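The structure under discussion appears below in the form of structure tokens.
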Amino acid sequence: MTVRRRAVLGGLAAGAGLLAAPAALGQGRPQVVVVGGGSGGATAARYLAMQSNGALDVTLVEPSRRYYTCYFSNLYLGGFWPFEDLAHSYAALASRHGINVLHDWAIGVDRDARTVTLAGGATLPYDRLVLSPGIDFVEGSVPGWDIAAHGRMPHAYKPGTQTALLRAQVEAMPEGGVYAMVAPPNPYRCPPGPYERISMVAHVLSEQNPTAKILIADPKESFSKQALFEEGWNRHYPGMIERVGPDFGGDVVEVDPEAMTLAIDGVVEQVDVCNVIPAQKAGRIAELAGLTDAAGWVPIDAFTMKSQADPEIFVLGDASIAGDMPKSGFSANSQAKVAVNVIRHELLDSRLFPARYANTCWSLIATEDGVKVGASYEPTEERIATVDSFISQTGESAELRAETFRESIGWYNGIVADMFT
Amino acid sequence: MRRLRLSFGVVLAGLWGAAGAASAMEAGTGDPVRGGELWAQQCAMCHALSPAAEEGLGPHLADLIGRPVAGVEGYAGYSEALRALAGQGAVWDVERLRAFLRAPYREVPGTRMGFGGLDSASDTDHLIAFLTEAGPDASTAESGFRVPREVLAIEGETDWGEFLAAECSTCHRRDGSADGIPAITGWDTRSFVTVMHAYREKVRPNPTMQTIAARLSDEEIAALAAYFATLERAPH
Ligand SMILES: Cc1cc2nc3c(=O)[nH]c(=O)nc-3n(C[C@H](O)[C@H](O)[C@H](O)COP(=O)(O)OP(=O)(O)OC[C@H]3O[C@@H](n4cnc5c(N)ncnc54)[C@H](O)[C@@H]3O)c2cc1C
């Protein structure tokens, strides 16, 4: 370890002038760079700093000054959560935990030199690198749509302004208009996310525009919590929602953002809002680092969250192929803690505990009608595998559903505190 | 929302208002035997029925009906919220208890009771019938879930507990604050261990906690209890 660190510092001295101040501060301490300040990255940076009492030099690279959560962005669409409350500042990570927070983009990883290059020009050396860059969209996955069209046909699957735009479009729908969603193929972030969104849009429309219709073109046979969502839609929003699955061409769609049309299996519909959620892949930096497979995701070692291609790089959250775990904020947070335990062990010789993972995803179907699905997981040689799982039941009492909804608020406040305080 | 708000607030208050005295509802239609089962499943991990019993996580509930809110002398764990109610002279009459048992966090925001509420009005009736019958000294009626002495005696390792606690911290906040998900900091280890075992044995409801507890060994539960005992309760 000492030898290696000296080598890194030597390399640094040679490359004089490219040093950002934070790296200079880290002399003598092992350096960990975290790319992406979302569910996985913010948790990892915070736990690395918090649990190592200054023994690690932790740098977090994240372009945004505030992190807008995707979680509860659907509740914002439904009018159940204020937009401001989706935003979280990195201030405490810097001031309280001594993390070097750099608001910049990582644009390259030199795995031989063990450095990360930033768009602003800095080069950061690392002993261990954590990548948690979330997702990017697969170009051409929805014919007619590209990222330039997101102003007319928002994806709202990366948070912030896109979510606000989608809500404004829903509110501006003409009486009796059509809200269309192009749902994504597996795998994608937050399996119940599109269907919770449908529920929230239906909630708003049923109050403001009750003759409006919702049309979902879906390439998947079935989807997460399907029985629970369909029961809820029948009960709360009867007749409003139509889902076209692959049997009826839901997987053969084309959009025209100029004309605001959606063609499902050749049948063209004029729509008022078109929420296109394209197919997904790991955030681009994972690909630039040469860690992704043919499908665009990063294979990892289930015991450590290390990339299978590079034992000094840990890949968390949506970008990773985490076996049975869904791509969720909860999962990313859970994976970060496993990675931190391994990194501290390798760099600081702290105690190594066996990896364990967990996830619960709550969804809101209507006012105080909350459901959840969750599981515990453990690493195996092949993958991260489910140990035990549960799901809300159809026909549950209104009281239990309300309790589940309240629990989701507790979870939201809990996880953002676990990332940002 | 509308339906819930009605059943929790307006309708209940309205009915009782019309009935005149809250005492008219006493014990009501509840079945004390069924209430005793609910007591064993949902309450007895934290509450005793006798003032003589060892102090649990919550105060003893002997002679609860008619007792002043936050009224057990020497019990230090009452929330600010309950104390504030007590300051207004509130008493645990049937009406207040019914509303509280259905939705503790809503009735008394800030309560430390780690319980989300009973599922139905009839369960509430049953439990109140049981508590009413249990009366002044009903320690014999206490049939709660018990963890064997030798398991309670396991010394937890705090650093192991700290690692395991990372899993809990996704939902339960380490600063002890709580909203919708109970605070678990600063509990005495005996209560913590008992509650976790009750989840593991699926005696306590909530599938998330049952799943989390299912794979915890006795030693891991002890480690978690030891770690969380070192954290402060929320300053309310
Ligand atoms: C509508 C919706 C609802 C959801 N609801 C839930 C829910 O209820 N519960 C739940 O658990 N999950 C939910 N999710 C899923 C959750 O948001 C993601 O799974 C989770 O955020 C993934 O964490 P991550 O760290 O992989 O990525 P993110 O949280 O997306 O973080 C990635 C970060 O990396 C940064 N980044 C990317 N590339 C670079 C680069 N090159 N350099 C520097 N920084 C970079 C980005 O700016 C971003 O901040 C939802 C998602 C959506 C879309």
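Residue names in the structure tokens use chain letters A, B, ... in the order shown, residue numbers from 1 in each chain, and ligand numbers from 1 in the order shown.
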
Q: Output as a VMD selection string the set of chain B residues within 7 Å of chain A, with distances taken over only C-alpha atoms.
A: chain B and resid 1 116 119 166 to 167 169 to 173 178 to 181 207 to 208 211 to 212

Q | Given 7 Å and only C-alpha atoms and all ligand atoms, residues near ligand 1 as a ChimeraX atom specification | A | /A:35-41,61-64,67,69-74,104-107,132-135,156-159,189-190,193-194,197,283-285,316-319,327-332,360-363

Go ahead and save the residues from that selection, with N, CA and C atoms, as a short mmCIF file (atom, residue, chain, number, x, y, z; two decimals), in the first residue's frame.
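For reference, part-v2.cif as written:
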```
data_model
loop_
_atom_site.label_atom_id
_atom_site.label_comp_id
_atom_site.auth_asym_id
_atom_site.auth_seq_id
_atom_site.Cartn_x
_atom_site.Cartn_y
_atom_site.Cartn_z
N VAL A 35 -17.20 9.64 -8.03
CA VAL A 35 -17.80 10.37 -9.16
C VAL A 35 -19.31 10.16 -9.13
N GLY A 36 -20.03 11.26 -9.01
CA GLY A 36 -21.50 11.21 -8.96
C GLY A 36 -21.98 11.38 -7.54
N GLY A 37 -22.68 12.48 -7.28
CA GLY A 37 -23.15 12.77 -5.93
C GLY A 37 -24.62 12.44 -5.74
N GLY A 38 -25.05 11.30 -6.25
CA GLY A 38 -26.43 10.87 -6.07
C GLY A 38 -26.55 9.84 -4.97
N SER A 39 -27.54 8.96 -5.12
CA SER A 39 -27.86 8.01 -4.04
C SER A 39 -26.65 7.17 -3.66
N GLY A 40 -25.94 6.65 -4.64
CA GLY A 40 -24.79 5.83 -4.33
C GLY A 40 -23.59 6.68 -3.93
N GLY A 41 -23.29 7.70 -4.74
CA GLY A 41 -22.07 8.47 -4.53
C GLY A 41 -22.08 9.33 -3.27
N VAL A 61 -16.97 14.28 -6.93
CA VAL A 61 -17.10 15.04 -8.17
C VAL A 61 -18.56 14.96 -8.62
N GLU A 62 -19.20 16.11 -8.71
CA GLU A 62 -20.62 16.15 -9.07
C GLU A 62 -20.89 17.51 -9.70
N PRO A 63 -21.41 17.54 -10.92
CA PRO A 63 -21.61 18.82 -11.58
C PRO A 63 -22.67 19.72 -10.93
N SER A 64 -23.73 19.13 -10.37
CA SER A 64 -24.82 19.96 -9.86
C SER A 64 -24.52 20.48 -8.46
N TYR A 67 -28.67 18.40 -5.44
CA TYR A 67 -29.15 17.12 -5.95
C TYR A 67 -30.66 17.11 -5.84
N THR A 69 -33.78 14.77 -6.00
CA THR A 69 -34.06 13.34 -5.98
C THR A 69 -35.09 13.00 -7.05
N CYS A 70 -34.89 11.82 -7.64
CA CYS A 70 -35.96 11.25 -8.48
C CYS A 70 -37.07 10.75 -7.57
N TYR A 71 -36.64 10.17 -6.43
CA TYR A 71 -37.67 9.67 -5.52
C TYR A 71 -38.50 10.85 -5.03
N PHE A 72 -39.75 10.62 -4.98
CA PHE A 72 -40.78 11.61 -4.61
C PHE A 72 -41.00 12.65 -5.72
N SER A 73 -40.27 12.55 -6.87
CA SER A 73 -40.58 13.49 -7.95
C SER A 73 -41.96 13.17 -8.52
N ASN A 74 -42.37 11.90 -8.46
CA ASN A 74 -43.73 11.58 -8.87
C ASN A 74 -44.75 12.19 -7.91
N ASP A 104 -17.98 19.59 -10.90
CA ASP A 104 -17.35 19.43 -12.21
C ASP A 104 -17.79 18.07 -12.78
N TRP A 105 -17.53 17.87 -14.05
CA TRP A 105 -17.82 16.59 -14.70
C TRP A 105 -16.54 15.76 -14.79
N ALA A 106 -16.62 14.49 -14.51
CA ALA A 106 -15.53 13.58 -14.83
C ALA A 106 -15.67 13.23 -16.31
N ILE A 107 -14.58 13.40 -17.05
CA ILE A 107 -14.68 13.11 -18.50
C ILE A 107 -13.76 11.97 -18.92
N SER A 132 -20.60 6.28 -9.37
CA SER A 132 -22.05 6.10 -9.20
C SER A 132 -22.76 7.13 -10.06
N PRO A 133 -22.60 7.01 -11.38
CA PRO A 133 -23.05 8.08 -12.28
C PRO A 133 -24.51 7.95 -12.71
N GLY A 134 -25.23 6.96 -12.18
CA GLY A 134 -26.63 6.82 -12.59
C GLY A 134 -26.73 6.33 -14.03
N ILE A 135 -27.76 6.82 -14.72
CA ILE A 135 -28.06 6.28 -16.06
C ILE A 135 -27.83 7.31 -17.17
N ALA A 156 -38.29 13.15 -17.94
CA ALA A 156 -38.44 13.32 -16.49
C ALA A 156 -37.92 12.10 -15.74
N TYR A 157 -36.87 11.50 -16.34
CA TYR A 157 -36.30 10.33 -15.66
C TYR A 157 -34.91 10.61 -15.13
N LYS A 158 -34.43 11.84 -15.43
CA LYS A 158 -33.37 12.43 -14.63
C LYS A 158 -34.06 13.65 -14.04
N PRO A 159 -33.78 13.93 -12.78
CA PRO A 159 -34.68 14.83 -12.05
C PRO A 159 -34.40 16.31 -12.27
N ARG A 189 -34.07 2.30 -14.24
CA ARG A 189 -34.09 2.73 -12.85
C ARG A 189 -35.52 2.78 -12.31
N CYS A 190 -35.68 2.33 -11.09
CA CYS A 190 -36.96 2.37 -10.39
C CYS A 190 -38.08 1.63 -11.12
N GLY A 193 -41.42 3.03 -10.97
CA GLY A 193 -41.45 4.48 -11.20
C GLY A 193 -42.42 4.94 -12.26
N PRO A 194 -42.44 4.33 -13.45
CA PRO A 194 -43.37 4.80 -14.48
C PRO A 194 -44.83 4.65 -14.05
N ARG A 197 -45.83 7.10 -11.50
CA ARG A 197 -46.06 8.36 -12.20
C ARG A 197 -47.44 8.39 -12.84
N GLY A 283 -24.39 5.38 -16.75
CA GLY A 283 -23.90 6.73 -17.02
C GLY A 283 -22.61 6.66 -17.82
N ARG A 284 -22.46 7.59 -18.73
CA ARG A 284 -21.43 7.52 -19.76
C ARG A 284 -20.02 7.32 -19.22
N ILE A 285 -19.71 7.88 -18.06
CA ILE A 285 -18.34 7.79 -17.56
C ILE A 285 -17.94 6.33 -17.33
N LEU A 316 -21.43 1.64 -8.26
CA LEU A 316 -22.63 1.55 -7.42
C LEU A 316 -23.87 1.94 -8.20
N GLY A 317 -25.00 1.52 -7.65
CA GLY A 317 -26.28 2.07 -8.08
C GLY A 317 -26.69 1.61 -9.46
N ASP A 318 -27.43 2.49 -10.13
CA ASP A 318 -28.07 2.14 -11.40
C ASP A 318 -27.07 1.62 -12.43
N ALA A 319 -25.84 2.14 -12.42
CA ALA A 319 -24.87 1.78 -13.45
C ALA A 319 -24.44 0.32 -13.36
N LYS A 327 -32.81 -1.33 -9.62
CA LYS A 327 -32.09 -0.05 -9.67
C LYS A 327 -32.91 0.97 -8.91
N SER A 328 -32.52 1.21 -7.66
CA SER A 328 -33.27 2.16 -6.84
C SER A 328 -32.30 2.96 -5.99
N GLY A 329 -32.80 4.06 -5.44
CA GLY A 329 -32.00 4.85 -4.54
C GLY A 329 -31.65 4.06 -3.29
N PHE A 330 -32.59 3.30 -2.79
CA PHE A 330 -32.37 2.48 -1.61
C PHE A 330 -31.25 1.48 -1.89
N SER A 331 -31.32 0.81 -3.06
CA SER A 331 -30.29 -0.16 -3.42
C SER A 331 -28.91 0.51 -3.49
N ALA A 332 -28.86 1.66 -4.15
CA ALA A 332 -27.57 2.35 -4.33
C ALA A 332 -26.98 2.71 -2.96
N THR A 360 -36.15 -1.44 -0.20
CA THR A 360 -37.61 -1.35 -0.17
C THR A 360 -38.00 -0.19 -1.08
N CYS A 361 -38.96 -0.41 -1.97
CA CYS A 361 -39.48 0.67 -2.81
C CYS A 361 -40.93 0.93 -2.45
N TRP A 362 -41.22 2.13 -1.99
CA TRP A 362 -42.59 2.52 -1.72
C TRP A 362 -43.15 3.19 -2.96
N SER A 363 -44.43 3.06 -3.20
CA SER A 363 -45.08 3.82 -4.27
C SER A 363 -46.42 4.34 -3.76
#
```

(Q) Report as a list of chain:residue names all protein, DNA and RNA residues lying within 9 Å of Leu97 in chain B, evaluated on only C-alpha atoms, omitting residues in the same chain fewer than 5 positions from it. (A)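 Residues meeting the cut-off are B:Ile65, B:Trp92, B:Arg102, B:Thr124, B:Ile128.
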
(Q) For a test of reading the model, state the distance in Å between CA of Trp160 in chain B and CA of His345 in chain A, rounded to one decimal. (A) 13.6 Å

Q: Do a neighbour search on Thr380 in chain A at 9 Å with only C-alpha atoms, toss out local chain neighbours closer than 3 positions, and write the hits as an MDAnalysis selection string.
A: chainID A and resid 302:303 383:385

Store the residues of this selection in a file with C-alpha atoms, as a PDB file, in the first residue's frame.
```
ATOM      1  CA  ALA A 302     -21.262  -9.271  -5.659  1.00  0.00           C
ATOM      2  CA  PHE A 303     -19.139  -9.411  -2.501  1.00  0.00           C
ATOM      3  CA  ARG A 383     -24.718 -12.455  -8.481  1.00  0.00           C
ATOM      4  CA  ILE A 384     -26.390 -10.515  -5.677  1.00  0.00           C
ATOM      5  CA  ALA A 385     -29.234 -12.864  -4.817  1.00  0.00           C
TER       6      ALA A 385
END
```

**Q.** range 27-117 of chain B: residues DSSP assigns to alpha helix (DSSP H), reported as a list in words
**A.**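 Answer for range 27-117 of chain B restricted to alpha helix (DSSP H) is Pro32, Val33, Arg34, Gly35, Gly36, Glu37, Leu38, Glu80, Ala81, Leu82, Arg83, Ala84, Leu85, Ala86, Gly87, Val94, Glu95, Arg96, Leu97, Arg98, Ala99, Phe100, Leu101, Arg102, Pro104, Tyr105, Arg106 and Glu107 of chain B.
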
Kindly save the residues from that selection, with N, CA and C atoms included, as a CSV table (one decimal), in the first residue's frame.
```
chain,number,residue,atom,x,y,z
B,32,PRO,N,-62.5,-8.6,25.3
B,32,PRO,CA,-61.2,-8.6,26.0
B,32,PRO,C,-60.3,-9.7,25.7
B,33,VAL,N,-60.8,-10.8,25.3
B,33,VAL,CA,-59.9,-12.0,25.0
B,33,VAL,C,-59.1,-11.7,23.8
B,34,ARG,N,-59.9,-11.2,22.7
B,34,ARG,CA,-59.2,-10.8,21.5
B,34,ARG,C,-58.2,-9.7,21.8
B,35,GLY,N,-58.7,-8.8,22.7
B,35,GLY,CA,-57.8,-7.6,23.1
B,35,GLY,C,-56.5,-8.1,23.7
B,36,GLY,N,-56.6,-9.2,24.5
B,36,GLY,CA,-55.4,-9.7,25.2
B,36,GLY,C,-54.4,-10.3,24.1
B,37,GLU,N,-55.0,-10.9,23.1
B,37,GLU,CA,-54.1,-11.3,22.0
B,37,GLU,C,-53.4,-10.2,21.3
B,38,LEU,N,-54.1,-9.1,21.1
B,38,LEU,CA,-53.5,-7.9,20.5
B,38,LEU,C,-52.5,-7.4,21.4
B,80,GLU,N,-41.9,15.2,24.4
B,80,GLU,CA,-42.4,16.6,24.7
B,80,GLU,C,-43.8,16.7,24.4
B,81,ALA,N,-44.2,16.0,23.3
B,81,ALA,CA,-45.6,16.2,22.8
B,81,ALA,C,-46.6,15.7,23.8
B,82,LEU,N,-46.3,14.5,24.4
B,82,LEU,CA,-47.1,14.0,25.5
B,82,LEU,C,-47.1,14.8,26.7
B,83,ARG,N,-46.0,15.3,27.0
B,83,ARG,CA,-45.9,16.2,28.2
B,83,ARG,C,-46.7,17.5,28.0
B,84,ALA,N,-46.7,18.0,26.8
B,84,ALA,CA,-47.4,19.2,26.5
B,84,ALA,C,-48.9,18.9,26.7
B,85,LEU,N,-49.3,17.7,26.2
B,85,LEU,CA,-50.8,17.3,26.4
B,85,LEU,C,-51.1,17.3,27.9
B,86,ALA,N,-50.2,16.7,28.6
B,86,ALA,CA,-50.4,16.5,30.1
B,86,ALA,C,-50.5,17.9,30.7
B,87,GLY,N,-49.7,18.8,30.2
B,87,GLY,CA,-49.8,20.2,30.7
B,87,GLY,C,-51.1,20.8,30.5
B,94,VAL,N,-61.4,7.0,27.2
B,94,VAL,CA,-61.6,6.1,26.1
B,94,VAL,C,-61.5,6.8,24.8
B,95,GLU,N,-62.1,7.9,24.7
B,95,GLU,CA,-62.1,8.7,23.5
B,95,GLU,C,-60.7,9.0,23.0
B,96,ARG,N,-59.9,9.5,23.9
B,96,ARG,CA,-58.5,9.9,23.5
B,96,ARG,C,-57.7,8.6,23.2
B,97,LEU,N,-57.9,7.6,23.9
B,97,LEU,CA,-57.2,6.4,23.7
B,97,LEU,C,-57.5,5.8,22.4
B,98,ARG,N,-58.8,5.8,22.0
B,98,ARG,CA,-59.2,5.2,20.8
B,98,ARG,C,-58.6,5.9,19.6
B,99,ALA,N,-58.6,7.2,19.7
B,99,ALA,CA,-58.0,8.0,18.6
B,99,ALA,C,-56.5,7.8,18.5
B,100,PHE,N,-55.9,7.7,19.7
B,100,PHE,CA,-54.4,7.5,19.8
B,100,PHE,C,-54.0,6.2,19.2
B,101,LEU,N,-54.7,5.2,19.6
B,101,LEU,CA,-54.3,3.8,19.2
B,101,LEU,C,-54.5,3.6,17.7
B,102,ARG,N,-55.4,4.3,17.1
B,102,ARG,CA,-55.6,4.1,15.7
B,102,ARG,C,-54.5,4.8,14.9
B,104,PRO,N,-51.2,6.9,16.3
B,104,PRO,CA,-50.5,7.6,17.3
B,104,PRO,C,-49.7,8.8,16.7
B,105,TYR,N,-49.1,8.7,15.5
B,105,TYR,CA,-48.3,9.8,15.0
B,105,TYR,C,-49.2,11.0,14.6
B,106,ARG,N,-50.4,10.7,14.3
B,106,ARG,CA,-51.3,11.7,13.8
B,106,ARG,C,-51.9,12.4,15.1
B,107,GLU,N,-52.3,11.6,16.0
B,107,GLU,CA,-53.0,12.2,17.2
B,107,GLU,C,-52.0,13.0,18.1
```

Q: Find the distance between CA of Lys281 in chain A and CA of Gly323 in chain A and write it in Å to one decimal.
A: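 Distance between the two atoms: 15.2 Å.
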
**Q.** Nearest to Val178 in chain A by atom-to-atom distance, counting only C-alpha atoms, from A:Leu166, A:Leu215, A:Ala202, A:Val315
**A.** A:Leu215

Q: Fewer than 2 positions away in the same chain doesn't count, so skip those; otherwise give me all residues within 10 Å of Met209 in chain B, counting only C-alpha atoms, as number ranges by chain.
A: B: 168, 196, 198-200, 202, 204-207, 211-214

Could you write out the selected residues, including C-alpha atoms, as a PDB file, in the first residue's frame?
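The result, written out as selection03.pdb:
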```pdb
ATOM      1  CA  CYS B 168     -30.961   0.674   9.436  1.00  0.00           C
ATOM      2  CA  MET B 196     -35.968  -7.280  17.019  1.00  0.00           C
ATOM      3  CA  ALA B 198     -40.310 -10.232  17.914  1.00  0.00           C
ATOM      4  CA  TYR B 199     -39.881  -9.088  14.313  1.00  0.00           C
ATOM      5  CA  ARG B 200     -37.652 -12.040  13.527  1.00  0.00           C
ATOM      6  CA  LYS B 202     -42.938 -12.472  12.965  1.00  0.00           C
ATOM      7  CA  ARG B 204     -44.585  -8.087  15.434  1.00  0.00           C
ATOM      8  CA  PRO B 205     -46.121  -6.922  12.162  1.00  0.00           C
ATOM      9  CA  ASN B 206     -44.420  -4.929   9.402  1.00  0.00           C
ATOM     10  CA  PRO B 207     -42.954  -6.957   6.538  1.00  0.00           C
ATOM     11  CA  THR B 211     -37.398  -9.197   6.360  1.00  0.00           C
ATOM     12  CA  ILE B 212     -34.546  -7.187   7.863  1.00  0.00           C
ATOM     13  CA  ALA B 213     -34.693  -9.099  11.144  1.00  0.00           C
ATOM     14  CA  ALA B 214     -35.042 -12.510   9.491  1.00  0.00           C
TER      15      ALA B 214
END
```
